[in-house]
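This is target_21.pdb. It holds PDB, C-alpha atoms.
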ATOM      1  CA  MET A  64       8.108-114.250-138.401  1.00  0.00           C
ATOM      2  CA  LEU A  65       4.758-116.065-138.424  1.00  0.00           C
ATOM      3  CA  ILE A  66       3.406-114.235-141.420  1.00  0.00           C
ATOM      4  CA  PRO A  67       5.981-115.569-143.938  1.00  0.00           C
ATOM      5  CA  ARG A  68       5.340-119.124-142.710  1.00  0.00           C
ATOM      6  CA  LYS A  69       1.589-118.758-143.100  1.00  0.00           C
ATOM      7  CA  GLU A  70       2.023-117.299-146.562  1.00  0.00           C
ATOM      8  CA  ASN A  71       4.281-120.204-147.429  1.00  0.00           C
ATOM      9  CA  ILE A  72       1.641-122.751-146.283  1.00  0.00           C
ATOM     10  CA  PHE A  73      -1.172-120.975-148.091  1.00  0.00           C
ATOM     11  CA  SER A  74       0.860-120.656-151.270  1.00  0.00           C
ATOM     12  CA  LYS A  75       1.665-124.388-151.182  1.00  0.00           C
ATOM     13  CA  ILE A  76      -2.013-125.227-150.740  1.00  0.00           C
ATOM     14  CA  ARG A  77      -2.945-122.830-153.529  1.00  0.00           C
ATOM     15  CA  ASP A  78      -0.289-124.291-155.829  1.00  0.00           C
ATOM     16  CA  PHE A  79      -1.495-127.847-155.111  1.00  0.00           C
ATOM     17  CA  PHE A  80      -5.060-127.002-156.081  1.00  0.00           C
ATOM     18  CA  TRP A  81      -3.839-124.968-159.043  1.00  0.00           C
ATOM     19  CA  ARG A  82      -2.003-128.000-160.421  1.00  0.00           C
ATOM     20  CA  TYR A  83      -4.728-130.454-159.358  1.00  0.00           C
ATOM     21  CA  PRO A  84      -6.507-130.801-162.732  1.00  0.00           C
ATOM     22  CA  ARG A  85      -3.296-131.467-164.611  1.00  0.00           C
ATOM     23  CA  GLY A  86      -2.062-133.909-161.945  1.00  0.00           C
ATOM     24  CA  VAL A  87      -5.261-135.928-162.036  1.00  0.00           C
ATOM     25  CA  PHE A  88      -6.648-135.569-165.561  1.00  0.00           C
ATOM     26  CA  GLY A  89      -3.628-134.564-167.676  1.00  0.00           C
ATOM     27  CA  LYS A  90      -1.096-136.801-169.421  1.00  0.00           C
ATOM     28  CA  GLY A  91       0.943-138.486-166.740  1.00  0.00           C
ATOM     29  CA  GLY A  92      -1.817-137.792-164.217  1.00  0.00           C
ATOM     30  CA  LEU A  93      -3.485-140.311-161.918  1.00  0.00           C
ATOM     31  CA  LEU A  94      -6.471-141.161-164.139  1.00  0.00           C
ATOM     32  CA  TYR A  95      -4.383-141.388-167.290  1.00  0.00           C
ATOM     33  CA  SER A  96      -1.910-143.711-165.560  1.00  0.00           C
ATOM     34  CA  THR A  97      -4.797-145.853-164.291  1.00  0.00           C
ATOM     35  CA  TYR A  98      -6.226-146.018-167.808  1.00  0.00           C
ATOM     36  CA  LEU A  99      -2.881-147.104-169.263  1.00  0.00           C
ATOM     37  CA  PHE A 100      -2.536-149.809-166.608  1.00  0.00           C
ATOM     38  CA  TYR A 101      -6.112-151.007-167.265  1.00  0.00           C
ATOM     39  CA  LYS A 102      -5.378-151.118-170.982  1.00  0.00           C
ATOM     40  CA  SER A 103      -2.102-153.024-170.537  1.00  0.00           C
ATOM     41  CA  VAL A 104      -3.712-155.874-168.538  1.00  0.00           C
ATOM     42  CA  ARG A 105      -6.910-155.818-170.563  1.00  0.00           C
ATOM     43  CA  PRO A 106      -8.373-159.342-170.341  1.00  0.00           C
ATOM     44  CA  PHE A 107      -7.739-159.512-166.605  1.00  0.00           C
ATOM     45  CA  SER A 108      -9.013-156.000-165.976  1.00  0.00           C
ATOM     46  CA  HIS A 109     -12.366-156.836-167.592  1.00  0.00           C
ATOM     47  CA  ILE A 110     -12.674-159.988-165.502  1.00  0.00           C
ATOM     48  CA  PHE A 111     -11.722-158.060-162.366  1.00  0.00           C
ATOM     49  CA  LEU A 112     -14.376-155.393-163.011  1.00  0.00           C
ATOM     50  CA  PHE A 113     -17.004-158.065-163.709  1.00  0.00           C
ATOM     51  CA  ILE A 114     -16.212-159.862-160.429  1.00  0.00           C
ATOM     52  CA  LEU A 115     -16.183-156.571-158.531  1.00  0.00           C
ATOM     53  CA  GLY A 116     -19.597-155.640-159.966  1.00  0.00           C
ATOM     54  CA  PHE A 117     -20.971-159.128-159.259  1.00  0.00           C
ATOM     55  CA  PHE A 118     -19.909-158.999-155.618  1.00  0.00           C
ATOM     56  CA  GLY A 119     -21.146-155.414-155.324  1.00  0.00           C
ATOM     57  CA  LEU A 120     -24.612-156.428-156.489  1.00  0.00           C
ATOM     58  CA  GLY A 121     -24.539-159.481-154.235  1.00  0.00           C
ATOM     59  CA  PHE A 122     -23.596-157.292-151.286  1.00  0.00           C
ATOM     60  CA  ALA A 123     -26.445-154.898-152.056  1.00  0.00           C
ATOM     61  CA  ASN A 124     -28.849-157.836-152.332  1.00  0.00           C
ATOM     62  CA  TYR A 125     -27.597-159.501-149.137  1.00  0.00           C
ATOM     63  CA  TYR A 126     -28.014-156.385-147.068  1.00  0.00           C
ATOM     64  CA  HIS A 127     -31.559-155.231-147.618  1.00  0.00           C
ATOM     65  CA  SER A 128     -31.703-152.308-150.032  1.00  0.00           C
ATOM     66  CA  SER A 129     -33.934-150.314-147.675  1.00  0.00           C
ATOM     67  CA  ALA A 130     -30.936-150.002-145.364  1.00  0.00           C
ATOM     68  CA  PHE A 131     -29.228-147.992-148.095  1.00  0.00           C
ATOM     69  CA  LEU A 132     -32.317-146.035-149.097  1.00  0.00           C
ATOM     70  CA  LYS A 133     -33.631-145.437-145.552  1.00  0.00           C
ATOM     71  CA  VAL A 134     -37.134-146.637-146.423  1.00  0.00           C
ATOM     72  CA  GLU A 135     -39.715-146.584-143.649  1.00  0.00           C
ATOM     73  CA  GLU A 136     -41.639-149.838-143.991  1.00  0.00           C
ATOM     74  CA  ASP A 137     -44.556-148.772-141.783  1.00  0.00           C
ATOM     75  CA  ILE A 138     -45.405-145.651-143.779  1.00  0.00           C
ATOM     76  CA  LEU A 139     -47.234-145.586-147.106  1.00  0.00           C
ATOM     77  CA  THR A 140     -46.725-142.451-149.147  1.00  0.00           C
ATOM     78  CA  GLU A 141     -48.582-142.099-152.404  1.00  0.00           C
ATOM     79  CA  GLY A 142     -48.115-139.242-154.786  1.00  0.00           C
ATOM     80  CA  VAL A 143     -50.315-138.458-157.746  1.00  0.00           C
ATOM     81  CA  ILE A 144     -49.486-135.961-160.461  1.00  0.00           C
ATOM     82  CA  ILE A 145     -52.548-134.385-162.011  1.00  0.00           C
ATOM     83  CA  GLY A 146     -53.062-131.583-164.448  1.00  0.00           C
ATOM     84  CA  ASP A 147     -56.104-129.352-164.483  1.00  0.00           C
ATOM     85  CA  SER A 148     -58.490-132.147-163.542  1.00  0.00           C
ATOM     86  CA  VAL A 149     -61.212-131.483-161.016  1.00  0.00           C
ATOM     87  CA  LEU A 150     -62.522-134.058-158.570  1.00  0.00           C
ATOM     88  CA  SER A 151     -66.214-134.465-159.294  1.00  0.00           C
ATOM     89  CA  ARG A 152     -66.979-137.588-157.254  1.00  0.00           C
ATOM     90  CA  ILE A 153     -65.157-140.176-155.214  1.00  0.00           C
ATOM     91  CA  ASN A 154     -67.424-143.190-155.164  1.00  0.00           C
ATOM     92  CA  PRO A 155     -66.424-146.833-155.754  1.00  0.00           C
ATOM     93  CA  LEU A 156     -69.770-147.614-157.391  1.00  0.00           C
ATOM     94  CA  LEU A 157     -69.409-145.076-160.181  1.00  0.00           C
ATOM     95  CA  PRO A 158     -66.809-145.607-162.884  1.00  0.00           C
ATOM     96  CA  SER A 159     -64.527-142.666-163.507  1.00  0.00           C
ATOM     97  CA  ASN A 160     -62.126-141.700-166.265  1.00  0.00           C
ATOM     98  CA  ASN A 161     -60.118-139.636-163.786  1.00  0.00           C
ATOM     99  CA  GLN A 162     -57.305-141.802-162.380  1.00  0.00           C
ATOM    100  CA  LEU A 163     -57.094-139.671-159.231  1.00  0.00           C
ATOM    101  CA  GLU A 164     -60.748-140.332-158.392  1.00  0.00           C
ATOM    102  CA  THR A 165     -60.248-144.061-158.938  1.00  0.00           C
ATOM    103  CA  ASP A 166     -57.128-144.148-156.752  1.00  0.00           C
ATOM    104  CA  LEU A 167     -58.794-142.209-153.942  1.00  0.00           C
ATOM    105  CA  ALA A 168     -61.875-144.445-154.051  1.00  0.00           C
ATOM    106  CA  ARG A 169     -59.664-147.531-153.720  1.00  0.00           C
ATOM    107  CA  LEU A 170     -57.791-145.996-150.768  1.00  0.00           C
ATOM    108  CA  ILE A 171     -60.914-144.777-148.922  1.00  0.00           C
ATOM    109  CA  TYR A 172     -63.517-147.460-149.569  1.00  0.00           C
ATOM    110  CA  HIS A 173     -63.277-151.174-148.809  1.00  0.00           C
ATOM    111  CA  PRO A 174     -65.601-153.598-150.613  1.00  0.00           C
ATOM    112  CA  LEU A 175     -68.009-155.936-148.870  1.00  0.00           C
ATOM    113  CA  ILE A 176     -66.572-158.887-150.802  1.00  0.00           C
ATOM    114  CA  ARG A 177     -63.800-159.318-153.342  1.00  0.00           C
ATOM    115  CA  VAL A 178     -63.440-161.894-156.121  1.00  0.00           C
ATOM    116  CA  ASN A 179     -59.816-162.989-156.567  1.00  0.00           C
ATOM    117  CA  ALA A 180     -58.130-164.074-159.806  1.00  0.00           C
ATOM    118  CA  SER A 181     -59.198-167.702-159.426  1.00  0.00           C
ATOM    119  CA  GLY A 182     -62.882-166.732-159.022  1.00  0.00           C
ATOM    120  CA  GLU A 183     -63.121-167.328-155.288  1.00  0.00           C
ATOM    121  CA  VAL A 184     -65.239-164.889-153.279  1.00  0.00           C
ATOM    122  CA  LYS A 185     -63.395-163.552-150.233  1.00  0.00           C
ATOM    123  CA  PRO A 186     -65.112-161.567-147.479  1.00  0.00           C
ATOM    124  CA  ILE A 187     -63.720-158.090-146.717  1.00  0.00           C
ATOM    125  CA  LEU A 188     -66.333-156.088-144.773  1.00  0.00           C
ATOM    126  CA  ALA A 189     -68.931-158.871-144.905  1.00  0.00           C
ATOM    127  CA  SER A 190     -68.415-161.836-142.597  1.00  0.00           C
ATOM    128  CA  SER A 191     -70.728-164.207-144.478  1.00  0.00           C
ATOM    129  CA  TRP A 192     -73.649-164.318-146.915  1.00  0.00           C
ATOM    130  CA  GLU A 193     -76.560-166.500-147.854  1.00  0.00           C
ATOM    131  CA  GLU A 194     -78.605-166.784-151.008  1.00  0.00           C
ATOM    132  CA  THR A 195     -82.183-165.530-150.570  1.00  0.00           C
ATOM    133  CA  SER A 196     -83.507-166.409-154.022  1.00  0.00           C
ATOM    134  CA  GLY A 197     -83.297-169.708-155.816  1.00  0.00           C
ATOM    135  CA  ASP A 198     -81.843-168.201-158.992  1.00  0.00           C
ATOM    136  CA  GLY A 199     -78.612-166.807-157.427  1.00  0.00           C
ATOM    137  CA  MET A 200     -79.595-163.178-158.050  1.00  0.00           C
ATOM    138  CA  GLU A 201     -80.193-162.064-154.453  1.00  0.00           C
ATOM    139  CA  TYR A 202     -77.976-162.486-151.422  1.00  0.00           C
ATOM    140  CA  LYS A 203     -78.156-161.379-147.811  1.00  0.00           C
ATOM    141  CA  LEU A 204     -74.786-160.199-146.490  1.00  0.00           C
ATOM    142  CA  PHE A 205     -73.860-160.181-142.817  1.00  0.00           C
ATOM    143  CA  LEU A 206     -71.423-157.441-141.827  1.00  0.00           C
ATOM    144  CA  ARG A 207     -68.425-157.962-139.577  1.00  0.00           C
ATOM    145  CA  ASP A 208     -68.817-156.823-135.977  1.00  0.00           C
ATOM    146  CA  ASP A 209     -65.196-155.685-135.536  1.00  0.00           C
ATOM    147  CA  VAL A 210     -65.125-152.837-138.092  1.00  0.00           C
ATOM    148  CA  TYR A 211     -65.075-149.236-136.879  1.00  0.00           C
ATOM    149  CA  TRP A 212     -64.657-145.855-138.527  1.00  0.00           C
ATOM    150  CA  HIS A 213     -61.691-143.610-137.741  1.00  0.00           C
ATOM    151  CA  ASP A 214     -63.782-141.749-135.136  1.00  0.00           C
ATOM    152  CA  GLY A 215     -64.725-144.943-133.262  1.00  0.00           C
ATOM    153  CA  GLU A 216     -68.243-145.305-134.699  1.00  0.00           C
ATOM    154  CA  LYS A 217     -69.267-148.833-135.592  1.00  0.00           C
ATOM    155  CA  PHE A 218     -69.660-149.774-139.267  1.00  0.00           C
ATOM    156  CA  THR A 219     -73.330-150.556-139.958  1.00  0.00           C
ATOM    157  CA  ALA A 220     -75.681-151.389-142.815  1.00  0.00           C
ATOM    158  CA  ASP A 221     -76.707-147.706-142.891  1.00  0.00           C
ATOM    159  CA  ASP A 222     -73.166-146.861-144.061  1.00  0.00           C
ATOM    160  CA  VAL A 223     -73.510-149.321-146.938  1.00  0.00           C
ATOM    161  CA  ILE A 224     -76.911-147.860-147.874  1.00  0.00           C
ATOM    162  CA  ALA A 225     -75.498-144.315-147.745  1.00  0.00           C
ATOM    163  CA  THR A 226     -72.710-145.321-150.125  1.00  0.00           C
ATOM    164  CA  PHE A 227     -75.177-146.823-152.582  1.00  0.00           C
ATOM    165  CA  LEU A 228     -77.523-143.812-152.344  1.00  0.00           C
ATOM    166  CA  SER A 229     -74.741-141.283-152.817  1.00  0.00           C
ATOM    167  CA  GLY A 230     -73.716-142.974-156.026  1.00  0.00           C
ATOM    168  CA  THR A 231     -77.028-143.730-157.670  1.00  0.00           C
ATOM    169  CA  LEU A 232     -79.864-141.473-156.535  1.00  0.00           C
ATOM    170  CA  CYS A 233     -78.132-138.189-155.757  1.00  0.00           C
ATOM    171  CA  GLU A 234     -76.741-137.498-159.221  1.00  0.00           C
TER     172      GLU A 234
END
What does the file become when written as structure tokens?
Amino acid sequence: MLIPRKENIFSKIRDFFWRYPRGVFGKGGLLYSTYLFYKSVRPFSHIFLFILGFFGLGFANYYHSSAFLKVEEDILTEGVIIGDSVLSRINPLLPSNNQLETDLARLIYHPLIRVNASGEVKPILASSWEETSGDGMEYKLFLRDDVYWHDGEKFTADDVIATFLSGTLCE
């Protein structure tokens, strides 16, 4: 007795899915009926869709978009697509036509000072400086005491000299 009932249930489910495309997409289906209704109240339907889109964008703006995208704010991930290019040098002192070398140099090396858009000199790894010549061509830079490498070694003037030597004399 159970088998005919199960076959009856399965055949009803099968028949529902068999008729599903016609019931939704065909003439007299759900989408076609919705389209006809939308068309019959046309000025109001456009206004309704505009308001719905406006509030949808406002909702997405009100609730930070990273909540939808699951963005980790503490993690920086950078991806670079390169072809057959080979890394020849990663040095901030030497100009490179390879964008990957330039990007890596900017991520690895920090400058002693940086000049911003308004022309002001801002210290980065140098704490201060003083002019040693009267013509403004020579300066003595004092390094910050609170800068350490990833392995705990203190940043010194020897590190600056090594960077300059690796870029100018060793090539």
Q) CA of Arg169 (chain A) and CA of Asp137 (chain A) are how many Å apart? A) 19.3 Å
Q: Calculate how many Å separate CA of Ile171 (chain A) from CA of Asn154 (chain A), rounding to one decimal.
A: 9.2 Å
Q. Taking (-58.3, -138.3, -159.4) in the file's coordinates as the center, which residues reach within 9 Å of it, counting only C-alpha atoms, put as number ranges by chain?
A. A: 143, 145, 148-153, 159-168
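From CA of Tyr95 (chain A) back to CA of Ile72 (chain A), the distance works out to 28.7 Å.
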Q: Can you work out which one of A:Leu94, A:Met200, A:Ile187, A:Ile138 has the shortest atom-to-atom distance to His173 (chain A), counting only C-alpha atoms?
A: A:Ile187
